[in-house]
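Beneath this line is the structure, given in structure tokens, with notes to follow.
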Amino acid sequence: MRKLLTACAQMGPIAKSERRSDCIRRLVEMMREAKSRGCRLVVFPEMALTTFFPRWMIDEEAELDSYYETEMPGPDTRALFDEAARLGIGFYLGYAELTAQHRRYNTSILVDDTGRIVGKYRKVHLPGWAEPLPGRTFQHLEKRYYEPGDLGFPVWRTMGGILGMAICNDRRWPETYRVMGLQGVELVCLGYNTPFGHLNQQPMDGLTLFHNHLSMQAGAYQNATWVVGAAKCGTEEGSTMAGQSVIIAPSGEIVAQAVTVEDEVITAACDLDMGRIYKETVFNFAIHRRPEAYGLITERAGAILPPEENQ
Ligand code: CDV
């Protein structure tokens with residue numbers, strides 16, 4: 001057994017008026033809670049340092065820039081790194097990144113239990129729109145404020161395992177997990193902000209919580225990996241977002257789940273060897289996968305229907 005005691009630190013809402021230092025204080029408090037329960041890793045949500053600003057149309061460049069980090073660690077986040085190193089606990093953190101070349105990404109980092117950044121990931125699947133949609137109470141403008149991630153889905157050997165990262169909407173796409181699965185991932189860290197009523201389509205919106213778990217449980221099972229999904233949830237500036245943060249085993253089973261929509265730490269002793277039985281049998285990729293049959297996966301984005309006359 002290779003046990004990685006892991007915490008998933010769900011956050012309640014972050015008000016627009018909340019300062020970085022306030023958020024960091026909340027994160028530090030949950031990090032200490034995780035450590036007091038023996039954890040070596042804590043997973044925080046997507047965009048954990050500010051309110052979810054893509055819900056608004058923001059014209060002022062300076063205001064927009066205020067939501068992004070230009071360095072990591074920066075003046076505020078330094079405290080989180082210092083506390084992590086002091087406690088000996090690693091973490092996953094999501095934030096908005098503004099690069100020196102003025103590019104904007106929805107980013108996460110993986111920091112090991114010595115406080116060193118071991119990996120960076122930039123969100124590949126950006127939901128929503130680039131222009132505001134008329135009639136919506138809240139916009140979802142990730143396509144306006146971010147570029148698609150340019151780093152792929154790498155994995156890292158750290159803290160005794162092989163760890164990967166994804167961000168929110170990525171969890172709905174099987175490709176996300178499979179690309180990491182093909183590198184032997186053992187634990188995927190993932191943060192999310194999922195507003196209810198995103199599509200204004202009752203039949204789908206009513207299943208928001210079901211689809212949240214369905215996609216992560218499927219990704220875990222089909223790739224024989226742990227998945228740790230940390231929500232930012234509750235009602236944030238009038239927009240209500242899904243909670244039910246989870247730690248999912250390689251069997252696809254939920255082993256821990258948050259029960260509030262506030263700051264809450266859940267934990268599990270993740271045996272990183274647990275996936276081996278699946279990786280050696282039903283999901284022995286080397287033996288059973290047939291890449292020669294999967295060409296369309298990388299050749300095509302949207303579906304192209306067969307010609308009518310074939311029917
Ligand atoms: N932050 C997200 O990526 N949210 C999307 C919503 C908008 C559907 C999600 O997939 O949860």
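Convention: chains lettered A, B, ... in structure tokens order; per-chain residue numbering from 1; ligands numbered from 1 as shown.
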
Every residue of region 28-196 of chain A that DSSP places in alpha helix (DSSP H), as a PyMOL selection string:
chain A and resi 28-36+61-65+78-87+142-145+174-181

Can you write just those residues out, N, CA and C atoms, as a tab-separated table (two decimals), in the first residue's frame?
```
chain	number	residue	atom	x	y	z
A	28	VAL	N	-5.36	28.95	4.48
A	28	VAL	CA	-4.39	28.54	5.51
A	28	VAL	C	-5.10	27.78	6.63
A	29	GLU	N	-6.25	28.30	7.02
A	29	GLU	CA	-7.00	27.63	8.09
A	29	GLU	C	-7.36	26.19	7.69
A	30	MET	N	-7.79	26.02	6.44
A	30	MET	CA	-8.16	24.67	6.00
A	30	MET	C	-6.93	23.80	5.82
A	31	MET	N	-5.82	24.42	5.41
A	31	MET	CA	-4.57	23.67	5.28
A	31	MET	C	-4.15	23.12	6.65
A	32	ARG	N	-4.29	23.96	7.68
A	32	ARG	CA	-3.93	23.51	9.04
A	32	ARG	C	-4.85	22.38	9.49
A	33	GLU	N	-6.13	22.52	9.16
A	33	GLU	CA	-7.10	21.46	9.51
A	33	GLU	C	-6.69	20.15	8.83
A	34	ALA	N	-6.32	20.25	7.54
A	34	ALA	CA	-5.90	19.06	6.79
A	34	ALA	C	-4.68	18.43	7.46
A	35	LYS	N	-3.73	19.27	7.82
A	35	LYS	CA	-2.50	18.75	8.45
A	35	LYS	C	-2.82	18.10	9.79
A	36	SER	N	-3.74	18.72	10.55
A	36	SER	CA	-4.07	18.16	11.87
A	36	SER	C	-4.71	16.79	11.73
A	61	GLU	N	-9.71	47.56	-18.24
A	61	GLU	CA	-8.55	46.65	-18.22
A	61	GLU	C	-7.95	46.53	-16.81
A	62	ALA	N	-7.87	47.66	-16.13
A	62	ALA	CA	-7.24	47.64	-14.79
A	62	ALA	C	-8.08	46.80	-13.83
A	63	GLU	N	-9.40	46.94	-13.94
A	63	GLU	CA	-10.26	46.14	-13.06
A	63	GLU	C	-10.10	44.65	-13.39
A	64	LEU	N	-10.09	44.34	-14.69
A	64	LEU	CA	-9.92	42.94	-15.09
A	64	LEU	C	-8.59	42.39	-14.56
A	65	ASP	N	-7.53	43.15	-14.77
A	65	ASP	CA	-6.20	42.70	-14.34
A	65	ASP	C	-6.14	42.41	-12.84
A	78	ARG	N	2.41	34.23	-0.98
A	78	ARG	CA	3.64	33.79	-0.29
A	78	ARG	C	3.32	33.13	1.06
A	79	ALA	N	2.34	33.69	1.77
A	79	ALA	CA	1.98	33.17	3.10
A	79	ALA	C	1.50	31.72	3.02
A	80	LEU	N	0.80	31.40	1.94
A	80	LEU	CA	0.29	30.03	1.77
A	80	LEU	C	1.44	29.06	1.54
A	81	PHE	N	2.39	29.49	0.70
A	81	PHE	CA	3.57	28.65	0.42
A	81	PHE	C	4.38	28.45	1.71
A	82	ASP	N	4.57	29.53	2.45
A	82	ASP	CA	5.37	29.45	3.67
A	82	ASP	C	4.73	28.50	4.68
A	83	GLU	N	3.41	28.61	4.80
A	83	GLU	CA	2.72	27.75	5.77
A	83	GLU	C	2.76	26.30	5.31
A	84	ALA	N	2.62	26.08	4.02
A	84	ALA	CA	2.69	24.71	3.48
A	84	ALA	C	4.05	24.09	3.79
A	85	ALA	N	5.11	24.87	3.55
A	85	ALA	CA	6.47	24.35	3.80
A	85	ALA	C	6.66	24.09	5.30
A	86	ARG	N	6.14	25.00	6.12
A	86	ARG	CA	6.29	24.84	7.57
A	86	ARG	C	5.57	23.58	8.06
A	87	LEU	N	4.35	23.37	7.51
A	87	LEU	CA	3.56	22.22	7.94
A	87	LEU	C	4.01	20.92	7.29
A	142	GLU	N	-15.82	32.89	-19.71
A	142	GLU	CA	-14.45	32.33	-19.67
A	142	GLU	C	-13.77	32.40	-21.03
A	143	LYS	N	-14.55	32.29	-22.11
A	143	LYS	CA	-13.94	32.35	-23.44
A	143	LYS	C	-13.46	33.77	-23.77
A	144	ARG	N	-13.93	34.75	-23.04
A	144	ARG	CA	-13.48	36.13	-23.23
A	144	ARG	C	-12.21	36.42	-22.42
A	145	TYR	N	-12.19	35.88	-21.22
A	145	TYR	CA	-11.13	36.27	-20.28
A	145	TYR	C	-9.95	35.30	-20.22
A	174	PRO	N	-13.89	13.00	-21.35
A	174	PRO	CA	-13.11	11.79	-21.09
A	174	PRO	C	-11.66	11.92	-21.51
A	175	GLU	N	-11.41	12.76	-22.53
A	175	GLU	CA	-10.03	12.92	-23.02
A	175	GLU	C	-9.09	13.42	-21.91
A	176	THR	N	-9.64	14.28	-21.03
A	176	THR	CA	-8.85	14.84	-19.94
A	176	THR	C	-8.19	13.73	-19.13
A	177	TYR	N	-9.03	12.80	-18.67
A	177	TYR	CA	-8.51	11.73	-17.82
A	177	TYR	C	-7.67	10.74	-18.62
A	178	ARG	N	-8.10	10.46	-19.87
A	178	ARG	CA	-7.41	9.42	-20.63
A	178	ARG	C	-5.98	9.83	-20.96
A	179	VAL	N	-5.79	11.12	-21.30
A	179	VAL	CA	-4.42	11.56	-21.60
A	179	VAL	C	-3.54	11.39	-20.36
A	180	MET	N	-4.08	11.66	-19.20
A	180	MET	CA	-3.31	11.44	-17.97
A	180	MET	C	-3.22	9.95	-17.65
A	181	GLY	N	-4.30	9.22	-17.95
A	181	GLY	CA	-4.29	7.77	-17.73
A	181	GLY	C	-3.18	7.10	-18.53
```

Give the residue list for ligand 1 at 6 Å, counting only C-alpha atoms and all ligand atoms, as a list in words, sorted by chain and then by residue number.
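Listing the residues within 6 Å of ligand 1 gives Pro127, Cys168, Asn169, Tyr192, Asn193, Thr194 and His198 of chain A.
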
Restricted to N, CA and C atoms, what would the selected residues look like written as a compact mmCIF listing (two decimals), in the first residue's frame?
```txt
# COMPACT_ATOMS: atom_id res chain seq x y z
N PRO A 127 -15.54 26.73 -20.84
CA PRO A 127 -16.97 26.80 -21.13
C PRO A 127 -17.43 28.24 -21.34
N CYS A 168 -12.20 22.27 -13.47
CA CYS A 168 -13.65 22.39 -13.65
C CYS A 168 -14.20 21.72 -14.90
N ASN A 169 -14.47 22.48 -15.96
CA ASN A 169 -15.14 21.92 -17.14
C ASN A 169 -14.36 20.75 -17.73
N TYR A 192 -13.39 23.21 -8.97
CA TYR A 192 -14.48 23.66 -9.84
C TYR A 192 -15.33 24.78 -9.23
N ASN A 193 -15.94 25.57 -10.16
CA ASN A 193 -16.98 26.57 -9.86
C ASN A 193 -18.12 26.25 -10.82
N THR A 194 -19.19 25.66 -10.34
CA THR A 194 -20.26 25.23 -11.23
C THR A 194 -21.58 25.90 -10.85
N HIS A 198 -26.87 27.16 -15.46
CA HIS A 198 -25.94 27.68 -16.46
C HIS A 198 -26.56 27.72 -17.86
```

Any idea what's packed within 9 Å of region 11-14 of chain A, counting only C-alpha atoms, ignoring anything in its chain fewer than 3 positions away? Could you give it as a PyMOL selection string?
chain A and resi 17-18+23+26-27+44-45+48-52+230-237+240-241+243+260-265

Quick one: of A:Tyr105, A:Phe196, A:Tyr67, A:Trp226, who's nearest to Val255 (chain A), counting only C-alpha atoms?
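The answer is A:Trp226, which sits nearest to Val255 (chain A).
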
A:Ala218, A:Ile89, A:Ala15, A:Ala242 ranked by distance to Gly197 (chain A), top pick (using only C-alpha atoms):
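Smallest distance to Gly197 (chain A) is found for A:Ala242.
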
Just list as a count of residues only whatever in region 131-269 of chain A DSSP marks as strand (DSSP E).
42
